[in-house]
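S.K.: input-v2.tsv is reproduced in full below (TSV, C-alpha atoms and all ligand atoms).
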chain	number	residue	atom	x	y	z
A	27	SER	CA	-21.05	-12.47	-17.15
A	28	ASP	CA	-21.11	-13.85	-13.67
A	29	VAL	CA	-20.53	-10.58	-11.85
A	30	PHE	CA	-23.17	-10.50	-9.16
A	31	LEU	CA	-22.29	-7.14	-7.67
A	32	ARG	CA	-20.89	-4.26	-9.72
A	33	ILE	CA	-20.01	-0.91	-8.15
A	34	ASN	CA	-19.28	1.99	-10.51
A	35	ASP	CA	-17.79	5.26	-9.28
A	36	LEU	CA	-19.54	5.16	-5.92
A	37	ARG	CA	-19.41	8.41	-3.96
A	38	ILE	CA	-20.89	8.87	-0.51
A	39	GLN	CA	-20.76	12.22	1.27
A	40	PHE	CA	-22.27	13.48	4.50
A	41	LYS	CA	-22.84	17.01	5.65
A	42	THR	CA	-21.70	17.60	9.20
A	43	ASP	CA	-21.26	20.72	11.31
A	44	ASP	CA	-17.52	20.58	10.61
A	45	GLY	CA	-17.88	20.27	6.85
A	46	ILE	CA	-18.52	17.68	4.17
A	47	VAL	CA	-17.24	14.17	4.89
A	48	LYS	CA	-16.19	12.48	1.67
A	49	ALA	CA	-16.43	8.97	3.06
A	50	VAL	CA	-16.30	7.17	-0.27
A	51	ASP	CA	-14.80	8.96	-3.22
A	52	GLY	CA	-15.07	7.21	-6.58
A	53	LEU	CA	-14.99	3.51	-5.78
A	54	SER	CA	-15.43	0.82	-8.46
A	55	PHE	CA	-15.24	-2.97	-8.25
A	56	GLY	CA	-16.99	-6.16	-9.27
A	57	LEU	CA	-17.72	-9.32	-7.33
A	58	GLY	CA	-18.63	-12.68	-8.84
A	59	ARG	CA	-21.03	-15.23	-7.41
A	60	GLY	CA	-19.45	-17.32	-4.73
A	61	LYS	CA	-16.38	-15.06	-4.62
A	62	THR	CA	-14.88	-13.23	-1.67
A	63	LEU	CA	-13.61	-9.66	-1.68
A	64	GLY	CA	-11.60	-8.30	1.21
A	65	ILE	CA	-11.86	-4.54	1.74
A	66	VAL	CA	-8.93	-3.52	3.91
A	67	GLY	CA	-8.01	-0.24	5.56
A	68	GLU	CA	-7.65	1.58	8.85
A	69	SER	CA	-10.72	2.89	10.61
A	70	GLY	CA	-11.96	6.02	8.91
A	71	SER	CA	-10.91	4.84	5.44
A	72	GLY	CA	-14.50	4.64	4.19
A	73	LYS	CA	-14.78	0.86	4.16
A	74	SER	CA	-17.75	0.56	6.52
A	75	VAL	CA	-19.62	3.38	4.79
A	76	THR	CA	-19.14	1.49	1.51
A	77	SER	CA	-20.98	-1.51	2.92
A	78	LEU	CA	-23.77	0.61	4.37
A	79	GLY	CA	-24.11	2.22	0.94
A	80	ILE	CA	-24.47	-1.14	-0.79
A	81	LEU	CA	-27.13	-2.19	1.70
A	82	GLY	CA	-28.99	1.10	1.30
A	83	LEU	CA	-28.57	1.87	4.98
A	84	HIS	CA	-27.27	5.37	4.32
A	85	ARG	CA	-30.85	6.38	3.59
A	86	GLY	CA	-33.67	7.12	5.96
A	87	ARG	CA	-33.89	8.53	9.45
A	88	GLY	CA	-31.26	11.11	10.24
A	89	ARG	CA	-28.88	9.89	7.58
A	90	ASN	CA	-28.55	12.64	5.05
A	91	ALA	CA	-25.90	11.04	2.92
A	92	ASP	CA	-25.50	12.07	-0.67
A	93	VAL	CA	-24.84	9.00	-2.79
A	94	THR	CA	-23.93	8.92	-6.48
A	95	GLY	CA	-22.64	6.30	-8.88
A	96	GLU	CA	-24.07	2.86	-9.56
A	97	ILE	CA	-24.58	-0.22	-7.44
A	98	TRP	CA	-25.69	-3.14	-9.60
A	99	LEU	CA	-26.89	-6.15	-7.66
A	100	ASP	CA	-27.86	-9.08	-9.85
A	101	GLY	CA	-29.00	-6.77	-12.64
A	102	GLU	CA	-30.80	-4.20	-10.46
A	103	GLU	CA	-29.35	-0.73	-9.88
A	104	LEU	CA	-29.87	0.07	-6.22
A	105	ILE	CA	-29.14	3.79	-5.90
A	106	SER	CA	-32.07	4.64	-8.18
A	107	THR	CA	-34.31	1.95	-6.68
A	108	PRO	CA	-37.09	2.91	-4.25
A	109	GLN	CA	-36.18	2.38	-0.63
A	110	GLU	CA	-38.97	-0.11	-0.15
A	111	ARG	CA	-37.47	-2.44	-2.75
A	112	VAL	CA	-33.97	-2.07	-1.29
A	113	ARG	CA	-35.37	-3.00	2.11
A	114	GLN	CA	-36.85	-6.10	0.52
A	115	LEU	CA	-33.53	-7.04	-1.04
A	116	ARG	CA	-31.85	-6.62	2.32
A	117	GLY	CA	-32.32	-9.92	4.05
A	118	GLN	CA	-33.53	-11.65	0.91
A	119	LYS	CA	-30.54	-11.21	-1.39
A	120	MET	CA	-28.04	-9.46	0.84
A	121	ALA	CA	-27.30	-9.63	4.53
A	122	MET	CA	-24.76	-8.20	6.88
A	123	ILE	CA	-22.90	-9.33	9.94
A	124	PHE	CA	-21.36	-6.76	12.24
A	125	GLN	CA	-18.47	-6.65	14.64
A	126	ASP	CA	-20.80	-6.50	17.60
A	127	PRO	CA	-23.81	-8.84	17.38
A	128	LEU	CA	-25.59	-6.77	20.00
A	129	THR	CA	-25.99	-3.96	17.47
A	130	SER	CA	-28.07	-6.20	15.22
A	131	MET	CA	-29.78	-8.28	17.90
A	132	HIS	CA	-32.46	-7.13	20.24
A	133	PRO	CA	-31.63	-7.79	23.90
A	134	TYR	CA	-35.25	-8.45	24.92
A	135	TYR	CA	-36.08	-11.15	22.39
A	136	SER	CA	-34.75	-14.66	22.34
A	137	ILE	CA	-32.25	-15.62	19.65
A	138	GLY	CA	-34.81	-18.00	18.16
A	139	THR	CA	-37.54	-15.37	17.99
A	140	GLN	CA	-35.19	-13.03	16.12
A	141	ILE	CA	-34.14	-15.64	13.58
A	142	VAL	CA	-37.79	-16.67	13.11
A	143	GLU	CA	-38.77	-13.05	12.45
A	144	ALA	CA	-35.88	-12.50	10.05
A	145	TYR	CA	-36.99	-15.60	8.15
A	146	ARG	CA	-40.70	-14.82	8.11
A	147	VAL	CA	-40.21	-11.29	6.76
A	148	HIS	CA	-39.21	-12.86	3.45
A	149	ASN	CA	-40.87	-16.29	3.59
A	150	ALA	CA	-44.57	-17.00	3.99
A	151	VAL	CA	-44.27	-19.85	6.46
A	152	SER	CA	-45.77	-20.65	9.85
A	153	LYS	CA	-43.94	-19.87	13.06
A	154	LYS	CA	-43.50	-23.58	13.59
A	155	VAL	CA	-41.77	-24.08	10.27
A	156	ALA	CA	-39.63	-20.98	10.83
A	157	ARG	CA	-38.65	-22.22	14.28
A	158	ARG	CA	-37.51	-25.49	12.79
A	159	ARG	CA	-35.46	-23.53	10.30
A	160	ALA	CA	-33.96	-21.40	13.10
A	161	ILE	CA	-32.90	-24.51	15.02
A	162	GLU	CA	-31.44	-25.99	11.85
A	163	MET	CA	-29.46	-22.80	11.14
A	164	LEU	CA	-28.16	-22.60	14.72
A	165	GLY	CA	-26.93	-26.16	14.31
A	166	ARG	CA	-25.32	-25.30	10.96
A	167	VAL	CA	-23.28	-22.50	12.50
A	168	GLY	CA	-22.02	-24.78	15.23
A	169	ILE	CA	-24.22	-24.01	18.24
A	170	PRO	CA	-24.31	-27.21	20.28
A	171	ARG	CA	-27.79	-28.54	21.14
A	172	PRO	CA	-29.55	-25.80	19.20
A	173	GLU	CA	-33.01	-27.07	20.16
A	174	ARG	CA	-32.17	-26.11	23.74
A	175	ARG	CA	-30.37	-22.86	23.01
A	176	VAL	CA	-32.96	-21.47	20.60
A	177	ASP	CA	-34.96	-19.83	23.39
A	178	ASP	CA	-31.93	-18.22	25.06
A	179	TYR	CA	-31.46	-14.47	25.03
A	180	PRO	CA	-28.41	-12.84	23.41
A	181	HIS	CA	-26.77	-12.14	26.79
A	182	GLU	CA	-26.91	-15.85	27.61
A	183	PHE	CA	-24.54	-16.60	24.72
A	184	SER	CA	-20.76	-16.14	24.82
A	185	GLY	CA	-19.23	-13.62	22.40
A	186	GLY	CA	-18.25	-16.30	19.89
A	187	MET	CA	-21.63	-18.04	20.13
A	188	ARG	CA	-23.41	-14.73	19.65
A	189	GLN	CA	-21.35	-14.13	16.54
A	190	ARG	CA	-22.40	-17.56	15.27
A	191	ALA	CA	-26.05	-16.81	16.05
A	192	MET	CA	-25.80	-13.54	14.12
A	193	ILE	CA	-24.34	-15.42	11.16
A	194	ALA	CA	-27.27	-17.86	11.40
A	195	MET	CA	-29.66	-14.91	11.34
A	196	ALA	CA	-27.88	-13.35	8.37
A	197	LEU	CA	-27.91	-16.61	6.41
A	198	VAL	CA	-31.41	-17.81	7.26
A	199	CYS	CA	-32.82	-16.45	3.98
A	200	ASN	CA	-29.93	-17.75	1.89
A	201	PRO	CA	-28.59	-14.35	0.82
A	202	GLU	CA	-26.51	-14.27	-2.33
A	203	LEU	CA	-24.37	-11.48	-0.91
A	204	LEU	CA	-23.05	-11.48	2.63
A	205	ILE	CA	-21.20	-8.43	3.96
A	206	ALA	CA	-19.15	-8.99	7.10
A	207	ASP	CA	-17.82	-5.83	8.77
A	208	GLU	CA	-14.93	-6.63	11.14
A	209	PRO	CA	-16.63	-9.95	11.93
A	210	THR	CA	-13.92	-11.16	14.29
A	211	THR	CA	-12.37	-8.03	15.75
A	212	ALA	CA	-14.02	-8.37	19.16
A	213	LEU	CA	-13.14	-12.07	19.51
A	214	ASP	CA	-10.06	-13.83	20.83
A	215	VAL	CA	-7.70	-15.42	18.33
A	216	THR	CA	-8.99	-19.00	18.55
A	217	VAL	CA	-12.62	-18.00	18.17
A	218	GLN	CA	-11.59	-15.63	15.37
A	219	ALA	CA	-10.15	-18.52	13.38
A	220	GLN	CA	-13.26	-20.61	14.02
A	221	ILE	CA	-15.58	-17.85	12.80
A	222	LEU	CA	-13.50	-17.33	9.64
A	223	ASP	CA	-13.57	-21.08	8.96
A	224	LEU	CA	-17.30	-21.01	9.48
A	225	ILE	CA	-17.79	-18.17	7.00
A	226	ARG	CA	-15.70	-20.06	4.45
A	227	ASP	CA	-17.61	-23.31	4.96
A	228	LEU	CA	-20.98	-21.63	4.73
A	229	GLN	CA	-19.91	-19.75	1.63
A	230	GLY	CA	-18.99	-23.06	0.02
A	231	GLU	CA	-22.32	-24.50	1.02
A	232	PHE	CA	-24.55	-21.55	0.14
A	233	GLY	CA	-22.49	-20.16	-2.76
A	234	SER	CA	-22.86	-16.59	-1.51
A	235	ALA	CA	-20.62	-13.77	-2.61
A	236	VAL	CA	-18.89	-12.37	0.46
A	237	ILE	CA	-17.37	-8.98	1.26
A	238	ILE	CA	-15.17	-8.99	4.34
A	239	ILE	CA	-14.31	-5.57	5.70
A	240	THR	CA	-11.33	-5.47	8.00
A	241	HIS	CA	-8.40	-3.39	9.22
A	242	ASP	CA	-6.37	-6.60	9.45
A	243	LEU	CA	-4.95	-7.92	6.22
A	244	GLY	CA	-4.35	-11.24	7.99
A	245	VAL	CA	-8.10	-11.83	8.33
A	246	VAL	CA	-8.58	-11.98	4.57
A	247	ALA	CA	-5.27	-13.69	3.75
A	248	GLU	CA	-6.76	-17.10	3.21
A	249	LEU	CA	-10.34	-16.15	2.60
A	250	ALA	CA	-10.36	-13.54	-0.14
A	251	ASP	CA	-10.11	-14.00	-3.89
A	252	ASP	CA	-9.58	-10.28	-4.40
A	253	ILE	CA	-8.43	-7.53	-2.10
A	254	LEU	CA	-9.22	-3.85	-2.25
A	255	VAL	CA	-7.15	-1.51	-0.08
A	256	MET	CA	-8.85	1.75	0.90
A	257	TYR	CA	-7.27	4.96	2.12
A	258	GLY	CA	-8.96	8.31	2.57
A	259	GLY	CA	-12.19	7.11	0.92
A	260	LYS	CA	-10.42	5.87	-2.20
A	261	CYS	CA	-9.13	2.59	-3.49
A	262	VAL	CA	-5.32	2.72	-3.52
A	263	GLU	CA	-4.64	-0.88	-4.54
A	264	TYR	CA	-6.87	-3.61	-5.91
A	265	GLY	CA	-6.20	-7.03	-7.32
A	266	PRO	CA	-6.17	-10.80	-6.82
A	267	ALA	CA	-5.24	-11.69	-3.24
A	268	ASP	CA	-2.07	-13.53	-4.30
A	269	GLU	CA	-0.84	-10.46	-6.16
A	270	LEU	CA	-1.51	-8.21	-3.19
A	271	PHE	CA	0.34	-10.51	-0.83
A	272	TRP	CA	3.32	-11.44	-2.96
A	273	ARG	CA	3.67	-8.40	-5.20
A	274	PRO	CA	2.07	-5.49	-3.37
A	275	GLU	CA	2.87	-2.18	-5.04
A	276	HIS	CA	1.40	0.57	-2.91
A	277	PRO	CA	3.48	1.96	-0.01
A	278	TYR	CA	0.38	1.90	2.20
A	279	THR	CA	-0.15	-1.81	1.48
A	280	TRP	CA	3.51	-2.42	2.39
A	281	GLY	CA	2.81	-0.81	5.73
A	282	LEU	CA	-0.30	-2.93	6.27
A	283	LEU	CA	1.69	-6.08	5.53
A	284	SER	CA	4.19	-5.16	8.20
A	285	SER	CA	1.60	-5.72	10.89
A	286	MET	CA	0.75	-9.23	9.69
A	287	PRO	CA	2.22	-11.90	11.93
A	288	ARG	CA	2.05	-14.54	9.23
A	289	VAL	CA	4.37	-12.67	6.91
A	290	ASP	CA	7.85	-14.15	6.95
A	291	ARG	CA	9.85	-12.58	9.78
A	292	ASP	CA	12.73	-11.45	7.55
A	293	VAL	CA	10.30	-9.61	5.35
A	294	ARG	CA	8.41	-8.17	8.26
A	295	ASP	CA	11.48	-6.68	9.85
A	296	ARG	CA	12.20	-4.72	6.71
A	297	LEU	CA	8.68	-3.40	6.27
A	298	VAL	CA	8.23	0.00	7.79
A	299	PRO	CA	5.12	0.25	9.94
A	300	ILE	CA	3.02	3.23	8.96
A	301	LYS	CA	3.55	6.18	11.24
A	302	GLY	CA	0.90	8.73	12.07
A	303	SER	CA	-2.83	8.38	11.79
A	304	PRO	CA	-5.33	8.30	8.92
A	305	PRO	CA	-6.45	11.66	7.53
A	306	SER	CA	-9.72	13.36	8.29
A	307	LEU	CA	-12.26	12.66	5.55
A	308	ILE	CA	-13.32	16.31	5.80
A	309	ASN	CA	-9.88	17.75	5.09
A	310	LEU	CA	-7.93	15.29	3.00
A	311	PRO	CA	-4.31	16.19	2.25
A	312	ARG	CA	-3.93	17.56	-1.26
A	313	GLY	CA	-2.53	15.28	-3.96
A	314	CYS	CA	-2.02	11.73	-2.74
A	315	ALA	CA	-3.88	11.57	0.58
A	316	PHE	CA	-1.19	9.22	1.89
A	317	HIS	CA	1.68	11.62	1.28
A	318	PRO	CA	2.14	12.90	4.88
A	319	ARG	CA	2.81	9.30	5.98
A	320	CYS	CA	4.60	7.96	2.91
A	321	PRO	CA	8.37	7.36	3.05
A	322	TYR	CA	8.57	7.77	-0.75
A	323	SER	CA	6.63	11.03	-1.11
A	324	GLU	CA	8.07	13.41	-3.75
A	325	ARG	CA	10.91	10.98	-4.51
A	326	ASP	CA	12.64	11.96	-7.77
A	327	GLY	CA	10.28	14.89	-8.13
A	328	ILE	CA	7.02	12.95	-8.41
A	329	PRO	CA	4.09	15.27	-7.58
A	330	CYS	CA	2.71	13.51	-4.49
A	331	ARG	CA	1.69	16.69	-2.69
A	332	SER	CA	-0.18	18.27	-5.57
A	333	VAL	CA	-1.61	15.66	-7.95
A	334	VAL	CA	-4.04	12.88	-7.02
A	335	PRO	CA	-2.64	9.62	-8.42
A	336	GLU	CA	-5.01	7.72	-10.72
A	337	LEU	CA	-5.81	4.08	-10.06
A	338	ALA	CA	-4.15	2.30	-12.96
A	339	GLY	CA	-2.29	-0.85	-13.87
A	340	GLU	CA	-1.87	-3.95	-15.92
A	341	GLN	CA	-4.65	-6.52	-16.11
A	342	GLN	CA	-6.47	-6.73	-12.81
A	343	HIS	CA	-3.80	-5.38	-10.49
A	344	LEU	CA	-4.46	-1.65	-10.03
A	345	VAL	CA	-2.40	0.83	-8.01
A	346	ALA	CA	-2.82	4.56	-7.28
A	347	CYS	CA	0.73	5.85	-6.81
A	348	HIS	CA	2.96	8.23	-8.74
A	349	LEU	CA	6.02	6.02	-8.43
A	350	PRO	CA	6.62	4.33	-11.78
A	351	ALA	CA	5.50	0.68	-11.68
A	352	ALA	CA	9.01	-0.64	-12.34
A	353	GLN	CA	10.36	1.40	-9.45
A	354	ARG	CA	7.62	0.19	-7.09
A	355	ARG	CA	8.41	-3.41	-7.97
A	356	ARG	CA	12.10	-2.80	-7.47
A	357	ILE	CA	11.56	-1.20	-4.07
A	358	PHE	CA	9.46	-4.13	-2.96
A	359	SER	CA	11.64	-6.90	-4.34
A	360	ASP	CA	15.04	-5.35	-3.49
A	361	ASP	CA	14.44	-3.41	-0.30
A	362	ILE	CA	11.43	-5.01	1.26
A	363	ALA	CA	11.23	-8.65	0.22
A	364	PRO	CA	14.53	-9.79	-1.29
A	365	ALA	CA	14.28	-13.44	-2.35
B	401	LIG	FE1	3.67	7.70	-1.62
B	401	LIG	FE2	3.62	9.50	-3.60
B	401	LIG	FE3	2.88	6.98	-4.07
B	401	LIG	FE4	1.32	8.59	-2.60
B	401	LIG	S1	1.82	8.84	-4.75
B	401	LIG	S2	1.87	6.49	-2.16
B	401	LIG	S3	2.86	9.79	-1.50
B	401	LIG	S4	4.92	7.69	-3.47
B	402	MG	MG	-15.73	0.35	10.55
Can I see the file as structure tokens?
M.R.:
Amino acid sequence: SDVFLRINDLRIQFKTDDGIVKAVDGLSFGLGRGKTLGIVGESGSGKSVTSLGILGLHRGRGRNADVTGEIWLDGEELISTPQERVRQLRGQKMAMIFQDPLTSMHPYYSIGTQIVEAYRVHNAVSKKVARRRAIEMLGRVGIPRPERRVDDYPHEFSGGMRQRAMIAMALVCNPELLIADEPTTALDVTVQAQILDLIRDLQGEFGSAVIIITHDLGVVAELADDILVMYGGKCVEYGPADELFWRPEHPYTWGLLSSMPRVDRDVRDRLVPIKGSPPSLINLPRGCAFHPRCPYSERDGIPCRSVVPELAGEQQHLVACHLPAAQRRRIFSDDIAPA
């Protein structure tokens, strides 16, 4: 089939002085070529660790993560693949953009030099050819007069321009998978919208599969084909974006929707914002990890505090909640979003 990335039962744990952090606990999903998946959750839900796991960045210096499961990228299983090969794939087939470009850019080298190096690692071309490519890419991501800006240093760019330059660097080798972790969080609203448009345009042009990781459901509203909601290292709801927006079934997703300005005001007023803070990944609450914050916990005797709900559902829309599906739909359509 056309599934480019397939994750099966991914588990990522770290040992710390305080105990074992179960950052990702049994995650599975597939992503087709040219498709976009939004992974949504609060900070500490395991979403960033998921992306580092896919890129193989949990390995190596000082990172003693224990990773199990399968990560299939275009027919290659990455967890069992030697690190050297994964490093090769990073940049060539998959690339990442971060919230803060300064974490992936070196302050002492010009933007152009860094794009040239990123390109030449995977392409046997002269510096001159690579420089031409860097200028072309800077132009593609909307940097005005790229032939003049190519020799600037990261600090000479504005935040939005730096984000564009990082996208140029990520895309210079034409990766088939692009992972964007909170790509717009540090930017003001106008620039945010521009960057999201840019990602969409480039995806159309390059045909890359894209994973957008965000705490803000609004960021992926128009961009994602599928949405995966994470809580406490687990997927709690997963399905086509339209389903998640119009027929969300998990109480946590209802709470996330309440913070979305674009949701109809009448609906928003009825949604209860989630109180409290996300659980520690070292000491997850027993049963459903969301139960201390859930307004429906133990309703009608369902065992929220003792039994972990399985991710289950009809067709592609999956939900991990003990409330019977019919009851969830009734709560949403009658109490939360009456027509
Ligand atoms: Fe709420 Fe219980 Fe469903 Fe968890 S399983 S989301 S606590 S109703
Ligand atoms: Mg994060």
S.K.: Counting only C-alpha atoms, figure out which residue out of A:Gln342, A:Thr211, A:Thr240, A:Gln220 gets nearest to A:Gly265.
M.R.: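 Closest to A:Gly265 of all the choices is A:Gln342.
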S.K.: What residues have any atom no more than 12 Å from ligand LIG 401 (chain B) when counting all atoms listed in the file, and can you list them as a PDB file with C-alpha atoms, keeping the file's coordinate frame?
M.R.:
ATOM      1  CA  TYR A 257      -7.270   4.960   2.120  1.00  0.00           C
ATOM      2  CA  GLY A 258      -8.960   8.310   2.570  1.00  0.00           C
ATOM      3  CA  CYS A 261      -9.130   2.590  -3.490  1.00  0.00           C
ATOM      4  CA  VAL A 262      -5.320   2.720  -3.520  1.00  0.00           C
ATOM      5  CA  GLU A 263      -4.640  -0.880  -4.540  1.00  0.00           C
ATOM      6  CA  GLU A 275       2.870  -2.180  -5.040  1.00  0.00           C
ATOM      7  CA  HIS A 276       1.400   0.570  -2.910  1.00  0.00           C
ATOM      8  CA  PRO A 277       3.480   1.960  -0.010  1.00  0.00           C
ATOM      9  CA  TYR A 278       0.380   1.900   2.200  1.00  0.00           C
ATOM     10  CA  THR A 279      -0.150  -1.810   1.480  1.00  0.00           C
ATOM     11  CA  TRP A 280       3.510  -2.420   2.390  1.00  0.00           C
ATOM     12  CA  GLY A 281       2.810  -0.810   5.730  1.00  0.00           C
ATOM     13  CA  ILE A 300       3.020   3.230   8.960  1.00  0.00           C
ATOM     14  CA  PRO A 311      -4.310  16.190   2.250  1.00  0.00           C
ATOM     15  CA  ARG A 312      -3.930  17.560  -1.260  1.00  0.00           C
ATOM     16  CA  GLY A 313      -2.530  15.280  -3.960  1.00  0.00           C
ATOM     17  CA  CYS A 314      -2.020  11.730  -2.740  1.00  0.00           C
ATOM     18  CA  ALA A 315      -3.880  11.570   0.580  1.00  0.00           C
ATOM     19  CA  PHE A 316      -1.190   9.220   1.890  1.00  0.00           C
ATOM     20  CA  HIS A 317       1.680  11.620   1.280  1.00  0.00           C
ATOM     21  CA  PRO A 318       2.140  12.900   4.880  1.00  0.00           C
ATOM     22  CA  ARG A 319       2.810   9.300   5.980  1.00  0.00           C
ATOM     23  CA  CYS A 320       4.600   7.960   2.910  1.00  0.00           C
ATOM     24  CA  PRO A 321       8.370   7.360   3.050  1.00  0.00           C
ATOM     25  CA  TYR A 322       8.570   7.770  -0.750  1.00  0.00           C
ATOM     26  CA  SER A 323       6.630  11.030  -1.110  1.00  0.00           C
ATOM     27  CA  GLU A 324       8.070  13.410  -3.750  1.00  0.00           C
ATOM     28  CA  ARG A 325      10.910  10.980  -4.510  1.00  0.00           C
ATOM     29  CA  ASP A 326      12.640  11.960  -7.770  1.00  0.00           C
ATOM     30  CA  GLY A 327      10.280  14.890  -8.130  1.00  0.00           C
ATOM     31  CA  ILE A 328       7.020  12.950  -8.410  1.00  0.00           C
ATOM     32  CA  PRO A 329       4.090  15.270  -7.580  1.00  0.00           C
ATOM     33  CA  CYS A 330       2.710  13.510  -4.490  1.00  0.00           C
ATOM     34  CA  ARG A 331       1.690  16.690  -2.690  1.00  0.00           C
ATOM     35  CA  SER A 332      -0.180  18.270  -5.570  1.00  0.00           C
ATOM     36  CA  VAL A 333      -1.610  15.660  -7.950  1.00  0.00           C
ATOM     37  CA  VAL A 334      -4.040  12.880  -7.020  1.00  0.00           C
ATOM     38  CA  PRO A 335      -2.640   9.620  -8.420  1.00  0.00           C
ATOM     39  CA  GLU A 336      -5.010   7.720 -10.720  1.00  0.00           C
ATOM     40  CA  LEU A 337      -5.810   4.080 -10.060  1.00  0.00           C
ATOM     41  CA  VAL A 345      -2.400   0.830  -8.010  1.00  0.00           C
ATOM     42  CA  ALA A 346      -2.820   4.560  -7.280  1.00  0.00           C
ATOM     43  CA  CYS A 347       0.730   5.850  -6.810  1.00  0.00           C
ATOM     44  CA  HIS A 348       2.960   8.230  -8.740  1.00  0.00           C
ATOM     45  CA  LEU A 349       6.020   6.020  -8.430  1.00  0.00           C
ATOM     46  CA  PRO A 350       6.620   4.330 -11.780  1.00  0.00           C
ATOM     47  CA  ALA A 351       5.500   0.680 -11.680  1.00  0.00           C
ATOM     48  CA  GLN A 353      10.360   1.400  -9.450  1.00  0.00           C
ATOM     49  CA  ARG A 354       7.620   0.190  -7.090  1.00  0.00           C
ATOM     50  CA  ILE A 357      11.560  -1.200  -4.070  1.00  0.00           C
TER      51      ILE A 357
END
S.K.: Using all atoms listed in the file, find each residue with an atom at most 8 Å away from ligand MG 402 (chain B) and format the answer as a list of chain:residue names.
M.R.: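 Those residues are A:Ser69, A:Gly70, A:Gly72, A:Lys73, A:Ser74, A:Val75, A:Asp207, A:Glu208, A:Ile239, A:Thr240.
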S.K.: Of the residues A:Gly302, A:Val198, A:Arg116, A:Arg188, which is the one nearest to A:Ala212, using only C-alpha atoms?
M.R.: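 Closest to A:Ala212, using only C-alpha atoms: A:Arg188.
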S.K.: With a distance cut-off of 8 Å and all atoms listed in the file, select the neighbouring residues of A:Ala91, excluding the residue or stretch itself and same-chain residues fewer than 4 positions from it, and output the selection as an mmCIF file with C-alpha atoms, in the coordinates of the input.
M.R.:
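Saved to part_18.cif:
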data_model
loop_
_atom_site.group_PDB
_atom_site.id
_atom_site.type_symbol
_atom_site.label_atom_id
_atom_site.label_comp_id
_atom_site.auth_asym_id
_atom_site.auth_seq_id
_atom_site.Cartn_x
_atom_site.Cartn_y
_atom_site.Cartn_z
ATOM 1 C CA ILE A 38 -20.890 8.870 -0.510
ATOM 2 C CA GLN A 39 -20.760 12.220 1.270
ATOM 3 C CA PHE A 40 -22.270 13.480 4.500
ATOM 4 C CA LYS A 41 -22.840 17.010 5.650
ATOM 5 C CA HIS A 84 -27.270 5.370 4.320
ATOM 6 C CA ARG A 85 -30.850 6.380 3.590
#
S.K.: Would you list the contacts of stretch 146-152 of chain A as a CSV table (one decimal) with C-alpha atoms, keeping the file's coordinate frame, taking every protein, DNA or RNA residue within 8 Å and counting all atoms listed in the file, but skipping same-chain residues closer than 2 positions in sequence?
M.R.:
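Generated output (result-v4.csv):
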chain,number,residue,atom,x,y,z
A,114,GLN,CA,-36.8,-6.1,0.5
A,117,GLY,CA,-32.3,-9.9,4.0
A,118,GLN,CA,-33.5,-11.6,0.9
A,142,VAL,CA,-37.8,-16.7,13.1
A,143,GLU,CA,-38.8,-13.0,12.4
A,144,ALA,CA,-35.9,-12.5,10.0
A,154,LYS,CA,-43.5,-23.6,13.6
A,155,VAL,CA,-41.8,-24.1,10.3
A,156,ALA,CA,-39.6,-21.0,10.8
A,199,CYS,CA,-32.8,-16.4,4.0
S.K.: If you count all atoms listed in the file, which residues fall within 6 Å of stretch 45-58 of chain A, apart from same-chain ones fewer than 5 positions away, as a list in words?
M.R.: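 So the residues in contact are Asp28, Val29, Phe30, Leu31, Arg32, Ile33, Asn34, Asp35, Leu36, Arg37, Ile38, Gln39, Phe40, Gly72, Gly259, Lys260, Leu307 and Ile308 of chain A.
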S.K.: So which residues fall inside 8 Å of (-5.1, -1.1, 10.9) if we count all atoms listed in the file? Mind giving them as a list in words?
M.R.: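 So the residues meeting the distance criterion are Gly67, Glu68, Ser69, His241, Asp242 and Leu282 of chain A.
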S.K.: Tell me, in Å to one decimal, how far atom CA of A:Tyr264 is from atom CA of A:Leu344.
M.R.: 5.2 Å
S.K.: What is the distance, in Å and to one decimal place, between atom CA of A:Ala247 and atom CA of A:Gln218?
M.R.: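 Separation between atom CA of A:Ala247 and atom CA of A:Gln218: 13.4 Å.
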S.K.: Find the residue from A:Ala196, A:Ala160, A:Leu63, A:Arg226 that sits nearest to A:Arg175; use only C-alpha atoms when measuring.
M.R.: A:Ala160
S.K.: Rounded to one decimal place, report the atom CA of A:Lys61-atom CA of A:Met195 distance in Å.
M.R.: 20.8 Å
S.K.: Neighbours of A:Gly60 within 7 Å (only C-alpha atoms; same-chain residues fewer than 6 positions away dropped), as a PDB file with C-alpha atoms, keeping the file's coordinate frame?
M.R.:
ATOM      1  CA  GLN A 229     -19.910 -19.750   1.630  1.00  0.00           C
ATOM      2  CA  GLY A 233     -22.490 -20.160  -2.760  1.00  0.00           C
ATOM      3  CA  SER A 234     -22.860 -16.590  -1.510  1.00  0.00           C
ATOM      4  CA  ALA A 235     -20.620 -13.770  -2.610  1.00  0.00           C
TER       5      ALA A 235
END
S.K.: Find, counting all atoms listed in the file, the residue in A:Gln341, A:Thr62, A:Ser184, A:Thr42 that gets nearest to A:Ala250.
M.R.: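 Between A:Gln341, A:Thr62, A:Ser184, A:Thr42, the residue approaching A:Ala250 most closely is A:Thr62.
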S.K.: What lies within 8 Å of A:Ile237 using only C-alpha atoms, ignoring chain neighbours under 5 positions off, as a PyMOL selection string?
M.R.: chain A and resi 62-65+203-206
